[in-house]
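**Student:** Below is start08.pdb; it holds PDB, C-alpha atoms.
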```
MODEL        1
ATOM      1  CA  MET A   1       7.007 101.271 -80.246
ATOM      2  CA  THR A   2       5.776  97.696 -80.574
ATOM      3  CA  GLU A   3       2.764  96.843 -78.431
ATOM      4  CA  LYS A   4       3.280  93.074 -78.615
ATOM      5  CA  PRO A   5       5.470  91.413 -75.993
ATOM      6  CA  ILE A   6       8.819  90.070 -77.127
ATOM      7  CA  LYS A   7       8.904  86.268 -76.942
ATOM      8  CA  LYS A   8      11.643  84.746 -79.121
ATOM      9  CA  ILE A   9      15.241  85.957 -79.023
ATOM     10  CA  ALA A  10      18.395  84.500 -80.572
ATOM     11  CA  ILE A  11      21.997  85.406 -79.802
ATOM     12  CA  PHE A  12      24.328  84.645 -82.701
ATOM     13  CA  GLY A  13      28.063  84.158 -82.242
ATOM     14  CA  GLY A  14      30.546  83.152 -84.896
ATOM     15  CA  THR A  15      28.915  84.819 -87.891
ATOM     16  CA  HIS A  16      32.572  85.604 -88.564
ATOM     17  CA  GLY A  17      34.530  82.632 -87.278
ATOM     18  CA  ASN A  18      37.627  84.563 -86.192
ATOM     19  CA  GLU A  19      35.718  87.050 -83.981
ATOM     20  CA  LEU A  20      36.021  85.076 -80.797
ATOM     21  CA  THR A  21      34.132  86.989 -78.101
ATOM     22  CA  GLY A  22      30.715  86.029 -79.449
ATOM     23  CA  VAL A  23      31.911  82.482 -80.095
ATOM     24  CA  PHE A  24      33.122  82.136 -76.498
ATOM     25  CA  LEU A  25      29.966  83.624 -74.979
ATOM     26  CA  VAL A  26      27.558  81.578 -77.102
ATOM     27  CA  LYS A  27      29.437  78.343 -76.330
ATOM     28  CA  HIS A  28      29.345  79.248 -72.636
ATOM     29  CA  TRP A  29      25.611  79.971 -72.756
ATOM     30  CA  LEU A  30      24.955  76.719 -74.607
ATOM     31  CA  GLN A  31      26.538  74.944 -71.623
ATOM     32  CA  ASP A  32      24.990  77.179 -68.952
ATOM     33  CA  GLY A  33      22.405  79.700 -70.093
ATOM     34  CA  ALA A  34      21.139  80.792 -66.684
ATOM     35  CA  GLU A  35      22.397  84.382 -67.004
ATOM     36  CA  ILE A  36      20.551  85.000 -70.289
ATOM     37  CA  GLN A  37      17.207  83.560 -69.234
ATOM     38  CA  ARG A  38      14.354  85.915 -68.381
ATOM     39  CA  THR A  39      10.802  85.021 -67.353
ATOM     40  CA  GLY A  40       8.534  84.726 -70.389
ATOM     41  CA  LEU A  41      11.395  84.824 -72.906
ATOM     42  CA  GLU A  42      12.797  82.094 -75.114
ATOM     43  CA  VAL A  43      16.496  82.971 -75.544
ATOM     44  CA  LYS A  44      18.472  80.743 -77.916
ATOM     45  CA  PRO A  45      22.282  81.040 -78.199
ATOM     46  CA  PHE A  46      23.503  79.868 -81.617
ATOM     47  CA  ILE A  47      26.796  79.416 -83.482
ATOM     48  CA  SER A  48      25.936  80.796 -86.894
ATOM     49  CA  ASN A  49      28.977  79.734 -88.958
ATOM     50  CA  PRO A  50      30.379  76.568 -87.328
ATOM     51  CA  ARG A  51      32.765  75.655 -90.164
ATOM     52  CA  ALA A  52      34.389  79.092 -90.066
ATOM     53  CA  VAL A  53      34.554  78.917 -86.260
ATOM     54  CA  LYS A  54      36.286  75.525 -86.426
ATOM     55  CA  LYS A  55      38.915  76.925 -88.801
ATOM     56  CA  CYS A  56      39.044  80.338 -87.047
ATOM     57  CA  LEU A  57      38.383  82.103 -90.358
ATOM     58  CA  ARG A  58      36.085  84.996 -91.182
ATOM     59  CA  TYR A  59      34.224  82.730 -93.621
ATOM     60  CA  ILE A  60      34.671  79.649 -95.804
ATOM     61  CA  ASP A  61      33.362  80.653 -99.271
ATOM     62  CA  CYS A  62      31.755  84.091 -98.824
ATOM     63  CA  ASP A  63      30.746  86.480 -96.049
ATOM     64  CA  LEU A  64      27.744  85.052 -94.165
ATOM     65  CA  ASN A  65      26.884  88.573 -93.018
ATOM     66  CA  ARG A  66      26.240  89.704 -96.604
ATOM     67  CA  VAL A  67      24.075  86.951 -98.123
ATOM     68  CA  PHE A  68      20.706  87.268 -96.356
ATOM     69  CA  ASP A  69      19.027  88.940 -99.312
ATOM     70  CA  LEU A  70      15.887  87.378-100.755
ATOM     71  CA  GLU A  71      17.726  86.288-103.903
ATOM     72  CA  ASN A  72      20.229  84.116-102.021
ATOM     73  CA  LEU A  73      17.637  82.873 -99.551
ATOM     74  CA  GLY A  74      15.407  81.837-102.436
ATOM     75  CA  LYS A  75      18.004  79.895-104.419
ATOM     76  CA  LYS A  76      17.413  76.183-104.877
ATOM     77  CA  MET A  77      19.434  74.280-102.306
ATOM     78  CA  SER A  78      22.421  72.628-103.967
ATOM     79  CA  GLU A  79      25.904  71.474-102.997
ATOM     80  CA  ASP A  80      27.148  73.802-105.733
ATOM     81  CA  LEU A  81      26.071  76.845-103.725
ATOM     82  CA  PRO A  82      28.711  78.535-101.542
ATOM     83  CA  TYR A  83      28.694  77.111 -98.025
ATOM     84  CA  GLU A  84      27.567  80.380 -96.455
ATOM     85  CA  VAL A  85      24.608  80.700 -98.831
ATOM     86  CA  ARG A  86      23.474  77.202 -97.850
ATOM     87  CA  ARG A  87      24.020  78.073 -94.212
ATOM     88  CA  ALA A  88      21.992  81.278 -94.643
ATOM     89  CA  GLN A  89      19.084  79.237 -95.963
ATOM     90  CA  GLU A  90      19.337  76.897 -92.972
ATOM     91  CA  ILE A  91      19.389  79.843 -90.539
ATOM     92  CA  ASN A  92      16.465  81.467 -92.321
ATOM     93  CA  HIS A  93      14.516  78.229 -91.929
ATOM     94  CA  LEU A  94      15.398  77.926 -88.237
ATOM     95  CA  PHE A  95      14.781  81.555 -87.252
ATOM     96  CA  GLY A  96      12.638  82.982 -90.069
ATOM     97  CA  GLN A  97      11.376  83.062 -92.631
ATOM     98  CA  LYS A  98      12.638  86.569 -93.339
ATOM     99  CA  ASN A  99       9.823  89.169 -93.438
ATOM    100  CA  SER A 100       7.334  86.645 -92.014
ATOM    101  CA  GLU A 101       5.225  86.679 -88.865
ATOM    102  CA  ASP A 102       7.022  83.509 -87.727
ATOM    103  CA  SER A 103      10.474  85.094 -87.641
ATOM    104  CA  TYR A 104      12.247  85.578 -84.326
ATOM    105  CA  ASP A 105      11.475  88.861 -82.596
ATOM    106  CA  ILE A 106      15.099  89.845 -81.933
ATOM    107  CA  ILE A 107      18.460  88.548 -83.072
ATOM    108  CA  PHE A 108      21.586  89.851 -81.365
ATOM    109  CA  ASP A 109      24.556  89.263 -83.667
ATOM    110  CA  LEU A 110      27.874  89.440 -81.789
ATOM    111  CA  HIS A 111      30.949  90.792 -83.562
ATOM    112  CA  ASN A 112      34.472  91.983 -82.854
ATOM    113  CA  THR A 113      36.496  94.523 -84.749
ATOM    114  CA  THR A 114      40.152  95.452 -84.870
ATOM    115  CA  SER A 115      38.991  99.089 -84.956
ATOM    116  CA  ASN A 116      38.911 101.098 -81.742
ATOM    117  CA  MET A 117      35.110 101.347 -81.741
ATOM    118  CA  GLY A 118      34.627 100.428 -78.101
ATOM    119  CA  CYS A 119      31.084  99.208 -77.372
ATOM    120  CA  THR A 120      28.988  99.794 -80.478
ATOM    121  CA  LEU A 121      25.332  99.009 -81.199
ATOM    122  CA  ILE A 122      24.404  98.706 -84.878
ATOM    123  CA  LEU A 123      21.010 100.047 -85.910
ATOM    124  CA  GLU A 124      19.488  99.300 -89.326
ATOM    125  CA  ASP A 125      16.432 101.577 -89.147
ATOM    126  CA  SER A 126      16.436 105.091 -87.668
ATOM    127  CA  LYS A 127      12.646 104.984 -87.274
ATOM    128  CA  ASN A 128      12.618 101.865 -85.089
ATOM    129  CA  ASP A 129      11.396 103.357 -81.809
ATOM    130  CA  PHE A 130      11.658 100.077 -79.901
ATOM    131  CA  LEU A 131      15.356  99.633 -80.679
ATOM    132  CA  ILE A 132      16.099 103.303 -80.056
ATOM    133  CA  GLN A 133      14.624 102.911 -76.572
ATOM    134  CA  MET A 134      16.603  99.705 -76.043
ATOM    135  CA  PHE A 135      19.844 101.307 -77.196
ATOM    136  CA  HIS A 136      19.227 104.309 -74.919
ATOM    137  CA  TYR A 137      18.718 101.923 -71.988
ATOM    138  CA  ILE A 138      21.925 100.010 -72.779
ATOM    139  CA  LYS A 139      23.947 103.223 -73.162
ATOM    140  CA  THR A 140      22.624 104.599 -69.871
ATOM    141  CA  SER A 141      23.243 101.318 -68.048
ATOM    142  CA  LEU A 142      26.831 101.065 -69.289
ATOM    143  CA  ALA A 143      27.757 104.637 -68.325
ATOM    144  CA  PRO A 144      30.355 105.917 -67.687
ATOM    145  CA  LEU A 145      31.670 103.343 -70.197
ATOM    146  CA  PRO A 146      30.948 104.887 -73.624
ATOM    147  CA  CYS A 147      28.606 103.057 -75.977
ATOM    148  CA  TYR A 148      28.168 104.235 -79.555
ATOM    149  CA  VAL A 149      25.378 103.734 -82.080
ATOM    150  CA  TYR A 150      26.206 103.052 -85.716
ATOM    151  CA  LEU A 151      23.389 103.550 -88.248
ATOM    152  CA  ILE A 152      23.692 101.562 -91.491
ATOM    153  CA  GLU A 153      20.482 102.370 -93.353
ATOM    154  CA  HIS A 154      22.273 104.004 -96.332
ATOM    155  CA  PRO A 155      20.348 102.817 -99.444
ATOM    156  CA  SER A 156      23.398 101.758-101.445
ATOM    157  CA  LEU A 157      25.762 100.769 -98.622
ATOM    158  CA  LYS A 158      23.380  98.762 -96.445
ATOM    159  CA  TYR A 159      23.923  95.015 -96.694
ATOM    160  CA  ALA A 160      21.830  91.911 -95.994
ATOM    161  CA  THR A 161      22.967  90.977 -92.498
ATOM    162  CA  THR A 162      22.593  87.638 -90.749
ATOM    163  CA  ARG A 163      20.388  89.269 -88.110
ATOM    164  CA  SER A 164      18.105  90.892 -90.704
ATOM    165  CA  ILE A 165      15.744  87.888 -90.674
ATOM    166  CA  ALA A 166      14.491  89.034 -87.241
ATOM    167  CA  LYS A 167      11.782  91.643 -86.696
ATOM    168  CA  TYR A 168      14.281  93.636 -84.632
ATOM    169  CA  PRO A 169      17.883  93.056 -85.763
ATOM    170  CA  VAL A 170      20.635  94.191 -83.370
ATOM    171  CA  GLY A 171      24.329  94.196 -84.210
ATOM    172  CA  ILE A 172      26.782  94.335 -81.319
ATOM    173  CA  GLU A 173      30.386  95.141 -82.174
ATOM    174  CA  VAL A 174      33.132  95.521 -79.568
ATOM    175  CA  GLY A 175      36.788  96.328 -80.137
ATOM    176  CA  PRO A 176      39.624  96.672 -80.560
ATOM    177  CA  GLN A 177      40.436  92.976 -80.535
ATOM    178  CA  PRO A 178      42.742  91.135 -82.943
ATOM    179  CA  GLN A 179      41.185  88.401 -85.049
ATOM    180  CA  GLY A 180      41.535  84.967 -83.503
ATOM    181  CA  VAL A 181      42.217  86.412 -80.037
ATOM    182  CA  LEU A 182      40.151  86.727 -76.845
ATOM    183  CA  ARG A 183      40.476  89.751 -74.546
ATOM    184  CA  ALA A 184      38.865  89.564 -71.110
ATOM    185  CA  ASP A 185      37.899  93.247 -71.030
ATOM    186  CA  ILE A 186      36.177  93.040 -74.428
ATOM    187  CA  LEU A 187      34.335  89.886 -73.369
ATOM    188  CA  ASP A 188      33.131  91.558 -70.169
ATOM    189  CA  GLN A 189      31.825  94.571 -72.087
ATOM    190  CA  MET A 190      29.902  92.459 -74.612
ATOM    191  CA  ARG A 191      28.463  90.331 -71.832
ATOM    192  CA  LYS A 192      27.177  93.442 -70.062
ATOM    193  CA  MET A 193      25.600  94.762 -73.276
ATOM    194  CA  ILE A 194      23.590  91.545 -73.650
ATOM    195  CA  LYS A 195      22.598  91.630 -69.970
ATOM    196  CA  HIS A 196      21.268  95.185 -70.199
ATOM    197  CA  ALA A 197      19.448  94.420 -73.473
ATOM    198  CA  LEU A 198      17.684  91.421 -71.930
ATOM    199  CA  ASP A 199      16.852  93.441 -68.803
ATOM    200  CA  PHE A 200      15.243  96.102 -71.001
ATOM    201  CA  ILE A 201      13.162  93.508 -72.871
ATOM    202  CA  HIS A 202      12.047  91.927 -69.597
ATOM    203  CA  GLN A 203      10.929  95.310 -68.223
ATOM    204  CA  PHE A 204       9.197  96.153 -71.501
ATOM    205  CA  ASN A 205       7.262  92.884 -71.392
ATOM    206  CA  GLN A 206       6.202  93.666 -67.840
ATOM    207  CA  GLY A 207       4.591  96.863 -69.084
ATOM    208  CA  LYS A 208       7.131  99.432 -67.952
ATOM    209  CA  GLU A 209       6.733 102.701 -69.843
ATOM    210  CA  PHE A 210       9.904 104.362 -71.049
ATOM    211  CA  PRO A 211       9.926 108.146 -71.538
ATOM    212  CA  PRO A 212      10.656 109.607 -74.988
ATOM    213  CA  CYS A 213      14.360 109.734 -75.732
ATOM    214  CA  ALA A 214      16.884 110.554 -78.416
ATOM    215  CA  ILE A 215      20.265 108.965 -79.091
ATOM    216  CA  GLU A 216      23.326 110.181 -80.936
ATOM    217  CA  ALA A 217      24.266 107.970 -83.859
ATOM    218  CA  TYR A 218      27.110 107.745 -86.325
ATOM    219  CA  LYS A 219      25.730 107.348 -89.814
ATOM    220  CA  ILE A 220      27.545 105.660 -92.673
ATOM    221  CA  MET A 221      27.975 108.153 -95.521
ATOM    222  CA  GLU A 222      30.483 106.554 -97.877
ATOM    223  CA  LYS A 223      33.259 103.992 -98.061
ATOM    224  CA  VAL A 224      36.805 105.212 -98.632
ATOM    225  CA  ASP A 225      39.263 102.644 -99.944
ATOM    226  CA  PHE A 226      43.015 102.629 -99.486
ATOM    227  CA  PRO A 227      45.093 104.124-102.300
ATOM    228  CA  ARG A 228      45.989 101.317-104.686
ATOM    229  CA  ASN A 229      48.593 100.812-107.403
ATOM    230  CA  GLU A 230      47.957  99.788-110.996
ATOM    231  CA  ASN A 231      47.734  96.140-109.912
ATOM    232  CA  GLY A 232      45.002  96.885-107.393
ATOM    233  CA  GLU A 233      47.328  96.333-104.444
ATOM    234  CA  ILE A 234      47.102  98.550-101.354
ATOM    235  CA  ALA A 235      49.761 101.251-101.681
ATOM    236  CA  ALA A 236      49.463 103.048 -98.315
ATOM    237  CA  ILE A 237      48.961 102.414 -94.616
ATOM    238  CA  ILE A 238      47.139 104.204 -91.816
ATOM    239  CA  HIS A 239      49.109 107.178 -90.468
ATOM    240  CA  PRO A 240      50.478 106.610 -86.920
ATOM    241  CA  ASN A 241      48.534 109.644 -85.663
ATOM    242  CA  LEU A 242      45.270 107.978 -86.750
ATOM    243  CA  GLN A 243      46.092 104.379 -85.812
ATOM    244  CA  HIS A 244      43.981 103.228 -82.841
ATOM    245  CA  SER A 245      42.337 106.654 -82.544
ATOM    246  CA  ARG A 246      38.580 107.185 -82.367
ATOM    247  CA  GLN A 247      37.713 110.123 -84.614
ATOM    248  CA  THR A 248      34.605 112.093 -83.636
TER
ENDMDL
END
```
Rewrite the coordinates I just gave you, this time as structure tokens.

**Tutor:**
Amino acid sequence: MTEKPIKKIAIFGGTHGNELTGVFLVKHWLQDGAEIQRTGLEVKPFISNPRAVKKCLRYIDCDLNRVFDLENLGKKMSEDLPYEVRRAQEINHLFGQKNSEDSYDIIFDLHNTTSNMGCTLILEDSKNDFLIQMFHYIKTSLAPLPCYVYLIEHPSLKYATTRSIAKYPVGIEVGPQPQGVLRADILDQMRKMIKHALDFIHQFNQGKEFPPCAIEAYKIMEKVDFPRNENGEIAAIIHPNLQHSRQT
């Protein structure tokens, strides 16, 4: 686990502009951030894709949550670049640079899904002891409400996330919630996840020792597309027995 105290934290909402829980919470915290402040921590709420939020769209030109690779971040700034690539460079400048000592310690990136995933924490590195301890703390604090861990370190399926510019990137995904809709129960769950995460960091900075732990994680293995016809159009739908179910 890291021995250095955590100092700089960002909470991103609106990486996808139609996932409204994070947008609502970040806008609330920008107006009144008392509940996310902890002694010794700089916690910055931030709307990551404001144009997409304004239009209530996932993105404008391309997916902001896929363009934080070094190639896109290193491109010469130009109006000809897709909006989200330019925005990624701005975010990298504000919270990075990626892979540098100056980057933010932790970025929480808030997402919704139409899938019935419940409360889900997204882990990008199975050897990150600090985040494993944090996730264990969040899961324990939320109980009996289930909280799942989704591991996305697959070499060919991992993607360059918005949060990946931080030393410790944390994805938070809560569903099911339709796009462009707010549900009070989903909002409450995400709010609690952030609270418990910040409580853990505060205790860690105070020198609390956490015993060794292990967490169960769901690991991405492959992507399975819908059956498609000769024109590339989707030619099937989810079976009613699987719709809204959580397969384990």

**Student:** List the residues matched by the PyMOL selection byres ((chain A and resi 200) around 12) in the displayed structure as a PyMOL selection string, ordered by chain and then by residue number.

**Tutor:** chain A and resi 5-6+38+130-141+193-199+201-210

**Student:** Please provide the set of residues having any atom within 7 Å of region 122-126 of chain A, restricted to only C-alpha atoms, with same-chain residues fewer than 4 positions apart removed, written as a PyMOL selection string.

**Tutor:** chain A and resi 149-153+170-172

**Student:** For CA of Lys7 (chain A) and CA of Thr39 (chain A), quote the distance in Å rounded to one decimal.

**Tutor:** 9.9 Å

**Student:** Counting all atoms listed in the file, figure out which residue out of A:Val53, A:Cys119, A:Ile9, A:Leu41 gets nearest to Phe95 (chain A).

**Tutor:** A:Ile9

**Student:** Between CA of Val85 (chain A) and CA of Asp105 (chain A), what is the spacing in Å?

**Tutor:**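 According to the coordinates, CA of Asp105 (chain A) and CA of Val85 (chain A) are separated by 22.4 Å.
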